[in-house]
Each structure stands twice: as C-alpha cells, then as structure tokens.
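Below is one structure, written out as structure tokens, with a few remarks after it.
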Amino acid sequence: MLAVVDYGMGNLHSVSQAIRRFGVRVVCTDDVQHILGAQAIVLPGVGAFGEAMRCLREKQLDAALVEAVGRGIPLLGICLGMQLLCASSTEHGTHEGLGLLSGTVTRIDRPLNVPHMGWNALRVHAQNPLCSGVDGGMVYFVHSYHVTQCTHVWATVDYGGPIAAIIGRDRVVGMQFHPEKSGRIGWRLLANFLKDARVVSLQQDEDVKGRS
Amino acid sequence: MITKRIVPCLDVKEGRVVKGVQFLSLQDAGDPVALAARYDEEGADELVFLDISASHEGRKTMVEVVAQTAGSLMIPFTVGGGISTTDDMRALLRAGADKISINTAAVLDPTLITRGAMQFGAQCIVVAIDARWCADEQTWIVVTHGGRRKTALRALEWAEQCVQCGAGELLVTSMDRDGTKEGYDIALTRAVAARVAVPVIASGGAGCVAHVRDVLTIGQADAALAASIFHYAQSSIGVVKNVLREEGVHVR
C-alpha cells in the first residue's frame, strides 16, 4: 500500500490516479498509523509553505513523516511537497520545514515570468536508479518558489539559471515539477520511484507500459 | 529553457465538446474525455475545458467530465466557464483540474481572484480576459458574458490589476478575431505580455500554423490556444510543432 498524505493542500486525485495505473493500492490519508504502515509515501501539495506546515503539524503528520523516513520508508515529495522536505522557507515570513533535506525555499527572483510555468528539460547530475532514463526529458512545472542551497540536487532545469528539479538523499526524493502531469517522462520517474521503493516489480512496470 | 506551449481548447456543453464561430452556430465535435486523450497522444502541452453549459445539470456534468479526464490524462488541464465562487473552484480542483479559469465573475468581483489565489495558490488561478478593440478609445476594452456586454475596463489595465490580485496566468482572447481564422490579435497579446510578469496564453483567431508561430514569437505569448484547427484535423498538433521547431520556436 502506498500512502498519499492528505493534509488539505491541493490536488490528490491526479497523483493517486497516476500511481493506481501501475496497479498499486493507493490510500489518501491523514492517519499517522496508515502512513507508518505504508510501503511508500507521497507528499503532494499546492499552496503556501507556512499554511502547509501548519496543517501537517496540526495532524502530527510532520513527526510521522520524519519517523517514517527514519524507518526507511521511501518518501516522494511533489512540488510544494518537495519544498516541505527542506530546512526552511521564506515564503510570506520565515518557516521551518521538515528538515529531511538541506535547502532553503525562496521566491524565484529572475527577470523572467513568475510562476515558472510550463515544460522544461531535465539535466540529470546524479547516477542513480531514480534518475535513470530521464536526462533531457521534458517535465511540467508550476511554481513561484524554488529550493536553493540544497546539497542533494539530482537534476536541474534552466530558467534564467539552474532551478532544482529533483533533490534526494537515500530514500527521500523531491520533485519540483509534477511527474503525474509530465507525460512519458513523468511516467518513467514514477515508475523509477515505485520500483526503487519495491512497490511495483519490474514485471508489473512492463505490463503497465504494454497497456499504456 | 522553458518551451512555448500548444493548448487545445475544448468547449463543453452538457458534457459534449462543441465549438462556435464567434460563439454562435455551435457544432458537435465529440466526446471530451476521448478528445483529451487524443490531444495528449498527439503532444498537446496542456488542455483547456471551457464549460458553456447554461444549466445547473450541465455544470454537475462538468465535474464528472473533469474527474474522468483527470483519471486518464498525464498533462495538465484548466477548467473555465461560469465559475463564480471559491466553492466552484474547490469542486473542480478536487475532481482533478490543475487550474481554474475565471472571466466574467472576476470582472464583477476582483476579490474572487485574490480569494482563489489565497486558498488554492496563484498558480492555479487563470484569469480569462475577453477583449475587443475600441476605435473611439484607441485601445482594447474588456467584454463579458461571452462578448455580449461591454465594460468600462481597459484590457491592459485590467490585465495588470488581475496579476496584482493574484492571477498566476492570463488567457487573453481577442473577440475581434475569435472564430474568424484570420490569425491572433498579435498587437493585443504583445501589449499584455509586455505589461505583466505572468505567462500569457493567446486565444482567438488561429487558422493556420503561421498564426500560431507569429503569436508565440512576435506576439510574445507563452502559449497558444486553439480549437477548431485541431478538432477538425486541419492540422495535427504534431505537424504544428514540427513546423514551429523548424522555424526555431522552442517546443516540447
């Protein structure tokens, strides 16, 4: 069972449906026991950092996520969910994050449109199973804040300079873009995460690819 | 670098896709979920569903269409048409829409933009601006209710105000060009894009690939929306993108 953390921030439907298409049982939950009992966890999120942390704390999900990572349960943060993995954010004040990865979240301050919205090409800097087969692939971004000063950057995109696109350490991974909205490459990344987390077998992945 | 986006638009009435020429004489062009899947396969970067249902039942049908589409689509999509409260927005976002587009309701009450942005994030609030050239004032004026009503708002000033209120993207339709297939209003798109620092989607008037190219280059739009040129297979998205690529436009 894979747990999608439901803490009242944003669209759980798309990511849950995308993962279900791999034949994985998905539970959208705010229950600490479900989260600690999951084979893998997805932390989605859209909205403001401070509000998201407040919602997580209110349901004691912040401590549960740290505990889950401590137990070795793979965790994937998407968009705001990736930013929450970091140490802190300066979005509307200063807020502490989950601190699972290093980095500070700041507003994109470049002479380009904000939000950074649309498809951009990944440049992979890490050799690992998660990033396998996606270098140069296009993925879909929608965000106004980005992760800086992170020492665990696996992939970037260029938007008037590098933007952290995939960050990770051991079994904690963050994706700034939306893999569930990123066509074929997004599919590959979800498959890589699920395989690495041993939630789907290689055979299952091949079966799903055959159907899609 | 970020790519320019090609965004097919599906006008949906009571759960079926239709497209009007200047919003009159509607023709049925198919099932929304099937069309959405076809566009995804063809390489669309994003989709827009515009609900033009007049009835309450039609709107409920739209939430179902959105849920079905979200379950099968792996590209983002925006839903617009008749959305006037944050409850409407929540229902569609929960059903799986990525962005919400508001038009007349934002003109009537600009705080709706701010409330939507505060609750769901600016990135999912698209303000759709329907504009028409006004020879007397020598500028574009905002029109509402599908182009039937003229407002006192100047389109460029309104665009700026929308962004200040929290809009994350603008969908700018030229009502002079909509349905004409004579090309986008390049001057309008360019003027809006120069005025705001959020992405601008150009709409209204696409008749051929050159029109799409021009609005993405000279018009400085971030995305080009089109309906009939794709629905009736005048040009497939793949063909449009190949031409754009050959001409040096950065596309997926």
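In the structure tokens, chains take the letters A, B, ... in the order shown, each chain's residues start at 1, and ligands count up from 1 in the order shown.
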
Using only C-alpha atoms, determine which residues of chain B fall within 10 Å of chain A; present them as a VMD selection string. chain B and resid 1 to 5 40 to 41 43 to 46 67 69 to 77 90 92 to 98 117 to 124 168 to 169 193 196 to 200 222 to 223 251 to 252

As a PyMOL selection string, please: the residues near A:Met82 (cut-off 9 Å, only C-alpha atoms, same-chain neighbours under 3 positions excluded). chain A and resi 43-45+76-79+85-86+147+166-167+173-176

If I take atom CA of A:Arg171 and atom CA of A:Leu75, how far is one from the other in Å, to one decimal?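 That distance, rounded to one decimal, is 6.3 Å.
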
Could you pull out the alpha helix (DSSP H) residues of stretch 157-210 of chain B from DSSP and send them as JSON, numbers by chain? {"B": [157, 158, 159, 160, 161, 162, 163, 164, 165, 186, 187, 188, 189, 190, 191, 192, 193, 194, 195, 209, 210]}

Measuring atom to atom with only C-alpha atoms, identify which of A:Phe177, A:Leu130, A:Arg123, A:Phe22 is nearest to A:Ala155. A:Arg123

Any idea what the distance is between atom CA of B:Lys241 and atom CA of B:Ile6?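 The value is 8.1 Å.
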
What lies within 7 Å of stretch 201-205 of chain B using only C-alpha atoms, ignoring chain neighbours under 2 positions off, as an MDAnalysis selection string? chainID B and resid 170:175 177:184 189 199 207 221:226

Show me, as a list in words, the residues that have an atom within 6 Å of stretch 58-62 of chain B when counting only C-alpha atoms, minus same-chain residues fewer than 3 positions from it.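 Near neighbours after the sequence-gap exclusion: Glu14, Gly15, Ser53, Ser55 and Val65 of chain B.
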
I'd like the interatomic distance between atom CA of A:Pro129 and atom CA of A:Phe193, to a tenth of an Å.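 Computed distance, atom CA of A:Pro129 to atom CA of A:Phe193, equals 8.2 Å.
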